[in-house]
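Notes follow once the structure below has been shown.
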Amino acid sequence: MSSPPAENVAVQVEHVCKTFRLPKEQVSTLKERILHPTRGQRTEALLALRDVSFEVARGEVFGIVGRNGSGKSTLMKCLAGIYRADAGEMWLRGRMAPFIELGVGFNPDLSAHDNVLINAVMLGLTPDQARERYGSIMDFAELHEFAELKLKNYSSGMQVRLAFSVMVHVDADLLLIDEVLAVGDAAFQQKCYDVLDRARSEGKTILLVTHDMEQVQRFCDRALLLDRGRVVAVGHSRSVARQYTQLNFAAPGERESLVRAAALADDDDDVVVIIDAWAQSEAAGRTTVLEPTEASGMATRVRFVSPAADPVFIFSITDEQQRRIMSMSTDRQSFATGSHAAGDEIDVSVGFANHLAPGRYWLSVHVREAVGGQLLAFREDIYSFVVSGPGWGNVVVDLPHGFLLTPAPTMSEASPDER
Amino acid sequence: MSADAYRVQGPTALGSGDRRRLWNLTRTLAATDWKVRFYGSALGYVWSLLRPLMLFGIVYFVFSEVLKAGAGIDHYGVILLLAMILYFFFSEVTGAGVTSMVDRESLLRKVGFPRAVVPLSVALVAVMNLALNLVVLAVFVLASGVQPRWSWLLLPIPFALMLVFATGVAMLLSALYVRYRDVRPIWDVVLQALFYATPILYPIEAVINQSATLAKIALLNPLATLIQESRHLLTGAPSAAEVLGSTALLLVPLAMLVLVTWLGLHVFERMAPSAAEEL
């Protein structure tokens, strides 16, 4: 049993498992039950979620991606309290509103007015709140003149607009959005984006299930990649989107190894586990902001699950455009990392003079075997930090440099050299 | 912004602590059902009064004037109507209750909310119907010259027990129906059987004249007990205890009522967390 999450964590999911029991032979009548008392027991277990763990910080926009049947929606429904998880724990902080589908509870035979009230109450408002906000809901949907029209006389576009407007007006600190933004025309999509942006700027936490990698890269700070119920990657949305694309277009055999490599960090038979990684500076210690030219460092904490001799540690830094800027490896410097017993926890750090250009960077950590170079553990984009200063984002490095102003040599002075 | 963290428990029958949401949802769903019921008719809500008025008029006329079924019984027409209203109530709650979870599938699969809202909203709609029917009944009671009695003030007691019993049965059936679809035809037959096994069309005195034992057995059924008690409170017809011969025997239908209601709650609670998956 775990304790409540830290103050700045909005969603904490720990070791959540969900299995669906699908009957192999559909036995749903009493007669069959009586005639074949044992047959109903034969079910097929579908592991929809396997040991899923992740955390979402407050105010973060967090993407959940994966192919069809990877467990995205199941995860959402567990968080929304529609399914009960078989194992593990989920903690939420703040009022949650689920948007698994637009227009939940809509009844085609009732007027838009009635439907707005029903839908809003289903999503967690009290009837009084729903009545209060009715006006602004209809304003936002731009459907005031059709308020008393039966919903079945609405075009599907109008229905979506109405439902979306209700969703916008259900104020919650934590929004679970399951692919509802996939519907609607371009104008509607733009409206969705605006609303998402506003919610983000208001400091709301958003979990967004989507197939659209562009959406992930555009809106999400971080993302989670699921494959057949397993967490394949958690990290910077850009790198998760890249891994998703890799996974999606990989050949079946290749896919397996991709998943295995990516899931290395979660496996029990790991040699080493990367627990944490961060940036640090001489002045501030662990920090997310590095000053230009100051003595800086990258560090990671690892735990050895089984003994290892001279493992190689590699720190790499990528920029916003996913360009690898720098890679620092212990073996290139012939730095001996020593032998470690199972259970040992060590911090490894590397120092450098910070000549990175101002901008945002991402740290990845790899651990390899000394002999053979096999990957023992890796965490892509595990930590993000900013280098402060003017001239943000235009250049890659800011090498030490000095300016000099001298008069150009005159012809007469130069002529003796040419001779 | 410093809200407390809370654990996600998964769906339950009654929800965790927040009874306000249970009630808000129940009445919203009930109001929706109520509106849809008379959708498209010119007279709208007037029908909810007019229809029972005309139906009861026919029953009253046929049974007490044409068939003279209750000859020698005081105010036979009125107690016939009361019994029918209560039976209709029971049959509405349980009959609509059976399929309620399946009918609300789209809600159950898309939103997390206390699952009991679904059968409770069915019961609430039936309560609104019952209230209107009782208003109509009052017209017949006054028109047929029944003297007002103090015992009328006690009528809410059997009505409330009827509500509890019917809701318990509805929860039991709706939970079972999620898994076993033959519950519905079976219950249709049971409801028919109950209609004739309960002294509704015939007065209990007719049964007593045939066999006092048979009358006792008939009144062990909680539905019959509650209907007979209501009749007693309304017009002074024999009370259930009088027919049974002892007040102690009343404990049997009461125990059945409590047991069935408890079973309904229990089974529903066990089914609630997985309802969304099994639908």
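Following the order of the structure tokens, chains are lettered A, B, ..., residues in each are numbered from 1, and ligands are numbered from 1.
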
Query raised in the report: Got a sec to pull out which chain A residues are within 8 Å of chain B, counting only C-alpha atoms, and send them as JSON, numbers by chain?
Result: {"A": [4, 5, 7, 10, 20, 28, 29, 30, 77, 78, 79, 80, 81, 82, 83, 84, 85, 89, 90, 91, 92, 93, 94, 98, 100, 101, 104, 105, 109, 110, 114, 118, 121, 122, 123, 124, 126, 127]}

So that I have them on file, write out the residues from the current selection with N, CA and C atoms, as an mmCIF file, in the first residue's frame.
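Saved file again.cif follows:
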data_model
loop_
_atom_site.group_PDB
_atom_site.id
_atom_site.type_symbol
_atom_site.label_atom_id
_atom_site.label_comp_id
_atom_site.auth_asym_id
_atom_site.auth_seq_id
_atom_site.Cartn_x
_atom_site.Cartn_y
_atom_site.Cartn_z
ATOM 1 N N PRO A 4 -0.477 8.743 -0.024
ATOM 2 C CA PRO A 4 -0.888 9.745 -1.009
ATOM 3 C C PRO A 4 0.325 10.376 -1.683
ATOM 4 N N PRO A 5 0.162 10.806 -2.922
ATOM 5 C CA PRO A 5 1.290 11.358 -3.656
ATOM 6 C C PRO A 5 1.665 12.743 -3.136
ATOM 7 N N GLU A 7 2.504 16.765 -3.043
ATOM 8 C CA GLU A 7 1.613 17.904 -3.280
ATOM 9 C C GLU A 7 1.507 18.302 -4.748
ATOM 10 N N ALA A 10 -0.600 15.349 -9.640
ATOM 11 C CA ALA A 10 -2.049 15.336 -9.855
ATOM 12 C C ALA A 10 -2.567 13.921 -10.067
ATOM 13 N N PHE A 20 -9.510 -8.526 -18.407
ATOM 14 C CA PHE A 20 -10.897 -8.793 -18.770
ATOM 15 C C PHE A 20 -11.055 -10.286 -18.948
ATOM 16 N N SER A 28 -25.096 -17.315 -21.383
ATOM 17 C CA SER A 28 -25.753 -16.197 -20.717
ATOM 18 C C SER A 28 -27.196 -16.500 -20.393
ATOM 19 N N THR A 29 -27.633 -17.723 -20.597
ATOM 20 C CA THR A 29 -28.997 -18.038 -20.187
ATOM 21 C C THR A 29 -28.960 -19.077 -19.073
ATOM 22 N N LEU A 30 -29.986 -19.042 -18.260
ATOM 23 C CA LEU A 30 -30.034 -19.962 -17.121
ATOM 24 C C LEU A 30 -30.050 -21.408 -17.575
ATOM 25 N N LYS A 77 -10.561 4.580 -18.435
ATOM 26 C CA LYS A 77 -11.788 4.180 -17.740
ATOM 27 C C LYS A 77 -11.501 3.753 -16.310
ATOM 28 N N CYS A 78 -10.323 3.221 -16.066
ATOM 29 C CA CYS A 78 -9.952 2.906 -14.686
ATOM 30 C C CYS A 78 -9.799 4.202 -13.894
ATOM 31 N N LEU A 79 -9.140 5.186 -14.505
ATOM 32 C CA LEU A 79 -8.933 6.467 -13.822
ATOM 33 C C LEU A 79 -10.263 7.175 -13.583
ATOM 34 N N ALA A 80 -11.187 7.014 -14.524
ATOM 35 C CA ALA A 80 -12.470 7.707 -14.420
ATOM 36 C C ALA A 80 -13.438 6.983 -13.488
ATOM 37 N N GLY A 81 -13.022 5.831 -12.957
ATOM 38 C CA GLY A 81 -13.893 5.098 -12.047
ATOM 39 C C GLY A 81 -15.010 4.344 -12.742
ATOM 40 N N ILE A 82 -14.793 3.982 -14.011
ATOM 41 C CA ILE A 82 -15.793 3.198 -14.731
ATOM 42 C C ILE A 82 -15.458 1.717 -14.604
ATOM 43 N N TYR A 83 -14.185 1.393 -14.688
ATOM 44 C CA TYR A 83 -13.722 0.031 -14.419
ATOM 45 C C TYR A 83 -12.973 0.023 -13.102
ATOM 46 N N ARG A 84 -12.974 -1.114 -12.460
ATOM 47 C CA ARG A 84 -12.169 -1.254 -11.254
ATOM 48 C C ARG A 84 -10.877 -1.984 -11.607
ATOM 49 N N ALA A 85 -9.759 -1.428 -11.210
ATOM 50 C CA ALA A 85 -8.470 -2.071 -11.474
ATOM 51 C C ALA A 85 -8.346 -3.321 -10.610
ATOM 52 N N GLU A 89 -2.641 0.805 -7.456
ATOM 53 C CA GLU A 89 -3.339 1.942 -6.864
ATOM 54 C C GLU A 89 -3.318 3.140 -7.788
ATOM 55 N N MET A 90 -4.384 3.902 -7.705
ATOM 56 C CA MET A 90 -4.438 5.142 -8.476
ATOM 57 C C MET A 90 -4.843 6.260 -7.526
ATOM 58 N N TRP A 91 -4.107 7.354 -7.581
ATOM 59 C CA TRP A 91 -4.432 8.524 -6.766
ATOM 60 C C TRP A 91 -4.656 9.712 -7.679
ATOM 61 N N LEU A 92 -5.660 10.473 -7.352
ATOM 62 C CA LEU A 92 -5.901 11.708 -8.088
ATOM 63 C C LEU A 92 -5.921 12.862 -7.099
ATOM 64 N N ARG A 93 -5.622 14.055 -7.609
ATOM 65 C CA ARG A 93 -5.728 15.236 -6.758
ATOM 66 C C ARG A 93 -6.554 16.270 -7.513
ATOM 67 N N GLY A 94 -7.586 16.768 -6.853
ATOM 68 C CA GLY A 94 -8.436 17.775 -7.483
ATOM 69 C C GLY A 94 -9.647 17.138 -8.138
ATOM 70 N N PRO A 98 -14.407 13.342 -16.532
ATOM 71 C CA PRO A 98 -14.067 12.420 -17.604
ATOM 72 C C PRO A 98 -14.772 12.792 -18.905
ATOM 73 N N ILE A 100 -14.950 10.722 -21.834
ATOM 74 C CA ILE A 100 -14.691 9.491 -22.564
ATOM 75 C C ILE A 100 -15.441 9.565 -23.886
ATOM 76 N N GLU A 101 -16.552 10.253 -23.858
ATOM 77 C CA GLU A 101 -17.348 10.403 -25.054
ATOM 78 C C GLU A 101 -18.065 11.745 -24.953
ATOM 79 N N VAL A 104 -22.522 12.503 -23.223
ATOM 80 C CA VAL A 104 -23.005 11.366 -22.450
ATOM 81 C C VAL A 104 -24.393 11.680 -21.902
ATOM 82 N N GLY A 105 -25.328 10.760 -22.123
ATOM 83 C CA GLY A 105 -26.671 10.937 -21.585
ATOM 84 C C GLY A 105 -27.590 11.732 -22.495
ATOM 85 N N ASP A 109 -34.867 12.700 -28.029
ATOM 86 C CA ASP A 109 -36.248 13.169 -27.966
ATOM 87 C C ASP A 109 -36.424 14.418 -27.114
ATOM 88 N N LEU A 110 -35.355 14.863 -26.465
ATOM 89 C CA LEU A 110 -35.481 16.038 -25.607
ATOM 90 C C LEU A 110 -34.828 17.251 -26.265
ATOM 91 N N ASP A 114 -32.782 20.616 -22.209
ATOM 92 C CA ASP A 114 -32.801 19.491 -21.279
ATOM 93 C C ASP A 114 -31.519 18.674 -21.366
ATOM 94 N N ILE A 118 -28.817 17.508 -18.456
ATOM 95 C CA ILE A 118 -28.510 16.100 -18.157
ATOM 96 C C ILE A 118 -27.012 15.843 -18.278
ATOM 97 N N VAL A 121 -24.913 17.398 -15.548
ATOM 98 C CA VAL A 121 -25.033 16.704 -14.263
ATOM 99 C C VAL A 121 -24.281 15.380 -14.309
ATOM 100 N N MET A 122 -24.359 14.683 -15.456
ATOM 101 C CA MET A 122 -23.612 13.434 -15.592
ATOM 102 C C MET A 122 -22.116 13.688 -15.422
ATOM 103 N N LEU A 123 -21.650 14.820 -15.903
ATOM 104 C CA LEU A 123 -20.222 15.106 -15.843
ATOM 105 C C LEU A 123 -19.793 15.694 -14.506
ATOM 106 N N GLY A 124 -20.740 15.843 -13.579
ATOM 107 C CA GLY A 124 -20.330 16.181 -12.228
ATOM 108 C C GLY A 124 -20.834 17.501 -11.671
ATOM 109 N N THR A 126 -23.739 20.069 -10.187
ATOM 110 C CA THR A 126 -25.026 19.916 -9.527
ATOM 111 C C THR A 126 -26.069 20.523 -10.459
ATOM 112 N N PRO A 127 -27.343 20.119 -10.325
ATOM 113 C CA PRO A 127 -28.376 20.683 -11.195
ATOM 114 C C PRO A 127 -28.405 22.213 -11.147
#

**Report entry** Distance query Leu53 in chain B at most 12 Å, only C-alpha atoms, self and fewer than 6 positions along chain excluded, as a list in words
**Finding:** Val46, Trp47, Val59, Tyr60, Leu81, Ile85, Leu132, Asn133, Leu134, Val135, Val136, Leu137, Ala138, Val139 and Phe140 of chain B

Can I get the selected residues back with C-alpha atoms, as a CSV table (one decimal), in the first residue's frame?
chain,number,residue,atom,x,y,z
B,46,VAL,CA,-52.3,16.1,-18.5
B,47,TRP,CA,-52.2,12.5,-19.7
B,59,VAL,CA,-62.4,-0.7,-13.8
B,60,TYR,CA,-64.6,0.8,-11.1
B,81,LEU,CA,-58.5,0.9,-7.2
B,85,ILE,CA,-52.5,1.4,-7.9
B,132,LEU,CA,-50.5,11.3,-9.3
B,133,ASN,CA,-52.5,8.0,-9.2
B,134,LEU,CA,-53.2,8.7,-5.5
B,135,VAL,CA,-54.5,12.1,-6.4
B,136,VAL,CA,-56.9,10.5,-8.8
B,137,LEU,CA,-57.8,7.9,-6.2
B,138,ALA,CA,-58.7,10.7,-3.8
B,139,VAL,CA,-61.3,11.9,-6.3
B,140,PHE,CA,-62.9,8.4,-6.3

**Report entry** Distance query Ser136 in chain A at most 9 Å, only C-alpha atoms, self and fewer than 5 positions along chain excluded, as a PyMOL selection string
**Finding:** chain A and resi 141+165+169

Query - Residues within 7 Å of range 228-238 of chain A, only C-alpha atoms, excluding chain neighbours under 5 positions, as an MDAnalysis selection string - result: chainID A and resid 47:52 69:71 216:217 220:223 259 262:263 380:382

Let's have the selection written as a PDB file, in the first residue's frame, with N, CA and C atoms.
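So the final result, stored in result.pdb, reads:
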ATOM      1  N   LEU A  47      -5.256  -9.505 -20.900  1.00  0.00           N
ATOM      2  CA  LEU A  47      -4.518  -8.586 -20.038  1.00  0.00           C
ATOM      3  C   LEU A  47      -4.516  -7.211 -20.688  1.00  0.00           C
ATOM      4  N   ALA A  48      -5.407  -6.377 -20.210  1.00  0.00           N
ATOM      5  CA  ALA A  48      -5.546  -5.055 -20.832  1.00  0.00           C
ATOM      6  C   ALA A  48      -4.503  -4.077 -20.310  1.00  0.00           C
ATOM      7  N   LEU A  49      -4.168  -4.198 -19.039  1.00  0.00           N
ATOM      8  CA  LEU A  49      -3.132  -3.333 -18.456  1.00  0.00           C
ATOM      9  C   LEU A  49      -2.211  -4.203 -17.613  1.00  0.00           C
ATOM     10  N   ARG A  50      -0.921  -4.100 -17.851  1.00  0.00           N
ATOM     11  CA  ARG A  50       0.013  -4.909 -17.078  1.00  0.00           C
ATOM     12  C   ARG A  50       0.979  -3.998 -16.344  1.00  0.00           C
ATOM     13  N   ASP A  51       0.807  -3.919 -15.057  1.00  0.00           N
ATOM     14  CA  ASP A  51       1.762  -3.240 -14.199  1.00  0.00           C
ATOM     15  C   ASP A  51       2.084  -1.834 -14.712  1.00  0.00           C
ATOM     16  N   VAL A  52       1.059  -1.052 -14.889  1.00  0.00           N
ATOM     17  CA  VAL A  52       1.248   0.303 -15.418  1.00  0.00           C
ATOM     18  C   VAL A  52       1.507   1.277 -14.270  1.00  0.00           C
ATOM     19  N   GLY A  69      -6.176  -1.128 -29.090  1.00  0.00           N
ATOM     20  CA  GLY A  69      -6.100  -2.296 -28.221  1.00  0.00           C
ATOM     21  C   GLY A  69      -4.876  -2.312 -27.331  1.00  0.00           C
ATOM     22  N   SER A  70      -4.194  -1.190 -27.214  1.00  0.00           N
ATOM     23  CA  SER A  70      -2.995  -1.180 -26.375  1.00  0.00           C
ATOM     24  C   SER A  70      -3.329  -0.910 -24.912  1.00  0.00           C
ATOM     25  N   GLY A  71      -4.588  -0.544 -24.648  1.00  0.00           N
ATOM     26  CA  GLY A  71      -4.997  -0.341 -23.256  1.00  0.00           C
ATOM     27  C   GLY A  71      -5.214   1.108 -22.870  1.00  0.00           C
ATOM     28  N   VAL A 216       0.033  15.284 -30.028  1.00  0.00           N
ATOM     29  CA  VAL A 216       0.874  14.993 -28.869  1.00  0.00           C
ATOM     30  C   VAL A 216       2.036  15.975 -28.801  1.00  0.00           C
ATOM     31  N   GLN A 217       2.696  16.151 -29.940  1.00  0.00           N
ATOM     32  CA  GLN A 217       3.873  17.015 -29.934  1.00  0.00           C
ATOM     33  C   GLN A 217       3.487  18.464 -29.706  1.00  0.00           C
ATOM     34  N   CYS A 220       1.288  18.208 -25.682  1.00  0.00           N
ATOM     35  CA  CYS A 220       1.638  17.504 -24.463  1.00  0.00           C
ATOM     36  C   CYS A 220       3.039  17.855 -24.013  1.00  0.00           C
ATOM     37  N   ASP A 221       3.189  18.004 -22.697  1.00  0.00           N
ATOM     38  CA  ASP A 221       4.517  18.202 -22.141  1.00  0.00           C
ATOM     39  C   ASP A 221       5.242  16.866 -22.141  1.00  0.00           C
ATOM     40  N   ARG A 222       4.511  15.867 -21.676  1.00  0.00           N
ATOM     41  CA  ARG A 222       5.092  14.521 -21.662  1.00  0.00           C
ATOM     42  C   ARG A 222       4.035  13.547 -22.171  1.00  0.00           C
ATOM     43  N   ALA A 223       4.466  12.319 -22.444  1.00  0.00           N
ATOM     44  CA  ALA A 223       3.509  11.335 -22.938  1.00  0.00           C
ATOM     45  C   ALA A 223       3.901   9.949 -22.476  1.00  0.00           C
ATOM     46  N   VAL A 259       9.999  -3.103 -28.249  1.00  0.00           N
ATOM     47  CA  VAL A 259       9.239  -3.044 -27.014  1.00  0.00           C
ATOM     48  C   VAL A 259      10.107  -3.512 -25.861  1.00  0.00           C
ATOM     49  N   ALA A 262      12.746  -0.993 -24.959  1.00  0.00           N
ATOM     50  CA  ALA A 262      12.173   0.193 -24.326  1.00  0.00           C
ATOM     51  C   ALA A 262      11.677  -0.109 -22.924  1.00  0.00           C
ATOM     52  N   ALA A 263      11.215  -1.345 -22.738  1.00  0.00           N
ATOM     53  CA  ALA A 263      10.646  -1.697 -21.445  1.00  0.00           C
ATOM     54  C   ALA A 263      11.710  -2.198 -20.473  1.00  0.00           C
ATOM     55  N   GLU A 380      15.199   7.621 -21.856  1.00  0.00           N
ATOM     56  CA  GLU A 380      15.226   8.738 -22.798  1.00  0.00           C
ATOM     57  C   GLU A 380      14.576   9.956 -22.167  1.00  0.00           C
ATOM     58  N   ASP A 381      15.176  11.086 -22.361  1.00  0.00           N
ATOM     59  CA  ASP A 381      14.578  12.351 -21.942  1.00  0.00           C
ATOM     60  C   ASP A 381      14.029  12.289 -20.528  1.00  0.00           C
ATOM     61  N   ILE A 382      14.864  11.794 -19.652  1.00  0.00           N
ATOM     62  CA  ILE A 382      14.402  11.600 -18.274  1.00  0.00           C
ATOM     63  C   ILE A 382      14.310  12.919 -17.515  1.00  0.00           C
TER      64      ILE A 382
END

**Report entry** Residues near Asn221 in chain B, cut-off 10 Å, only C-alpha atoms, skip fewer than 5 positions along chain, as a list of chain:residue names
**Finding:** B:Leu194, B:Ala197, B:Thr198, B:Lys216, B:Leu226, B:Val252, B:Pro253, B:Leu254, B:Met256, B:Leu257

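Ranking B:Ala166, B:Ala215, B:Met54, B:Ala116 by their shortest atom-to-atom distance to Pro238 in chain B, with only C-alpha atoms included, puts B:Ala215 first.
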
Which residues come within 10 Å of Trp262 in chain B, counting only C-alpha atoms, excluding same-chain residues fewer than 4 positions away, as a PDB file with N, CA and C atoms, in the first residue's frame?
ATOM      1  N   PHE B 165     -39.462  -2.335  -0.675  1.00  0.00           N
ATOM      2  CA  PHE B 165     -39.533  -3.705  -1.172  1.00  0.00           C
ATOM      3  C   PHE B 165     -39.338  -3.729  -2.690  1.00  0.00           C
ATOM      4  N   GLY B 168     -35.781  -2.919  -3.678  1.00  0.00           N
ATOM      5  CA  GLY B 168     -34.900  -4.056  -3.393  1.00  0.00           C
ATOM      6  C   GLY B 168     -35.006  -5.117  -4.468  1.00  0.00           C
ATOM      7  N   VAL B 169     -36.244  -5.454  -4.841  1.00  0.00           N
ATOM      8  CA  VAL B 169     -36.451  -6.461  -5.884  1.00  0.00           C
ATOM      9  C   VAL B 169     -35.865  -5.964  -7.208  1.00  0.00           C
ATOM     10  N   MET B 171     -33.390  -3.907  -7.710  1.00  0.00           N
ATOM     11  CA  MET B 171     -31.930  -3.964  -7.685  1.00  0.00           C
ATOM     12  C   MET B 171     -31.447  -5.392  -7.904  1.00  0.00           C
ATOM     13  N   LEU B 172     -32.122  -6.328  -7.239  1.00  0.00           N
ATOM     14  CA  LEU B 172     -31.759  -7.735  -7.394  1.00  0.00           C
ATOM     15  C   LEU B 172     -31.887  -8.155  -8.856  1.00  0.00           C
ATOM     16  N   MET B 256     -39.597 -11.446   5.148  1.00  0.00           N
ATOM     17  CA  MET B 256     -39.360 -11.680   3.719  1.00  0.00           C
ATOM     18  C   MET B 256     -38.991 -10.380   3.026  1.00  0.00           C
ATOM     19  N   LEU B 257     -39.705  -9.328   3.396  1.00  0.00           N
ATOM     20  CA  LEU B 257     -39.443  -8.013   2.804  1.00  0.00           C
ATOM     21  C   LEU B 257     -38.005  -7.572   3.089  1.00  0.00           C
ATOM     22  N   VAL B 258     -37.627  -7.688   4.367  1.00  0.00           N
ATOM     23  CA  VAL B 258     -36.273  -7.267   4.754  1.00  0.00           C
ATOM     24  C   VAL B 258     -35.230  -8.120   4.046  1.00  0.00           C
ATOM     25  N   HIS B 266     -27.296  -6.419  -1.624  1.00  0.00           N
ATOM     26  CA  HIS B 266     -26.062  -7.189  -1.571  1.00  0.00           C
ATOM     27  C   HIS B 266     -25.621  -7.629  -2.966  1.00  0.00           C
ATOM     28  N   VAL B 267     -26.551  -8.225  -3.704  1.00  0.00           N
ATOM     29  CA  VAL B 267     -26.225  -8.709  -5.048  1.00  0.00           C
ATOM     30  C   VAL B 267     -25.846  -7.539  -5.946  1.00  0.00           C
ATOM     31  N   PHE B 268     -26.577  -6.442  -5.797  1.00  0.00           N
ATOM     32  CA  PHE B 268     -26.290  -5.273  -6.633  1.00  0.00           C
ATOM     33  C   PHE B 268     -24.899  -4.715  -6.336  1.00  0.00           C
TER      34      PHE B 268
END

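CA of Leu244 in chain B lies 29.5 Å from CA of Phe56 in chain B.
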
Query - Sel. of strand (DSSP E) residues, range 33-250 of chain A, as a PyMOL selection string - result: chain A and resi 43-57+61-66+87-93+96-99+174-178+205-209+222-227+230-236

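Pairwise distance (CA of Pro156 in chain B, CA of Phe88 in chain B) equals 16.7 Å.
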
**Report entry** CA of Val260 in chain B to CA of Ala175 in chain B, distance in Å rounded to a single decimal
**Finding:**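 Rounded to one decimal, the two atoms are 13.5 Å apart.
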
Report task. Enumerate, as a ChimeraX atom specification, the complete set of residues in range 231-369 of chain A that a backbone-based DSSP assignment places in helix (DSSP H, G or I). Result -> /A:237-249,252-266

Just write the chosen residues, C-alpha atoms, as an mmCIF file, in the first residue's frame.
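Below you can see again11.cif, which holds the result:
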data_model
loop_
_atom_site.group_PDB
_atom_site.id
_atom_site.type_symbol
_atom_site.label_atom_id
_atom_site.label_comp_id
_atom_site.auth_asym_id
_atom_site.auth_seq_id
_atom_site.Cartn_x
_atom_site.Cartn_y
_atom_site.Cartn_z
ATOM 1 C CA SER A 237 6.235 13.969 -25.881
ATOM 2 C CA ARG A 238 8.506 14.368 -28.880
ATOM 3 C CA SER A 239 10.533 11.278 -28.126
ATOM 4 C CA VAL A 240 7.440 9.262 -27.237
ATOM 5 C CA ALA A 241 5.847 10.300 -30.498
ATOM 6 C CA ARG A 242 8.970 9.157 -32.311
ATOM 7 C CA GLN A 243 8.930 5.815 -30.536
ATOM 8 C CA TYR A 244 5.259 5.397 -31.338
ATOM 9 C CA THR A 245 5.953 5.948 -34.999
ATOM 10 C CA GLN A 246 8.858 3.494 -34.882
ATOM 11 C CA LEU A 247 6.678 0.930 -33.179
ATOM 12 C CA ASN A 248 3.851 1.491 -35.580
ATOM 13 C CA PHE A 249 5.877 0.978 -38.712
ATOM 14 C CA PRO A 252 6.424 -7.751 -36.334
ATOM 15 C CA GLY A 253 9.739 -9.293 -35.230
ATOM 16 C CA GLU A 254 11.448 -5.980 -34.914
ATOM 17 C CA ARG A 255 8.542 -4.651 -32.923
ATOM 18 C CA GLU A 256 9.125 -7.188 -30.184
ATOM 19 C CA SER A 257 12.706 -6.127 -29.700
ATOM 20 C CA LEU A 258 11.780 -2.471 -29.729
ATOM 21 C CA VAL A 259 9.239 -3.044 -27.014
ATOM 22 C CA ARG A 260 11.646 -5.152 -25.008
ATOM 23 C CA ALA A 261 14.451 -2.647 -25.288
ATOM 24 C CA ALA A 262 12.173 0.193 -24.326
ATOM 25 C CA ALA A 263 10.646 -1.697 -21.445
ATOM 26 C CA LEU A 264 14.042 -2.710 -20.109
ATOM 27 C CA ALA A 265 13.814 -0.278 -17.247
ATOM 28 C CA ASP A 266 10.694 -1.959 -15.914
#
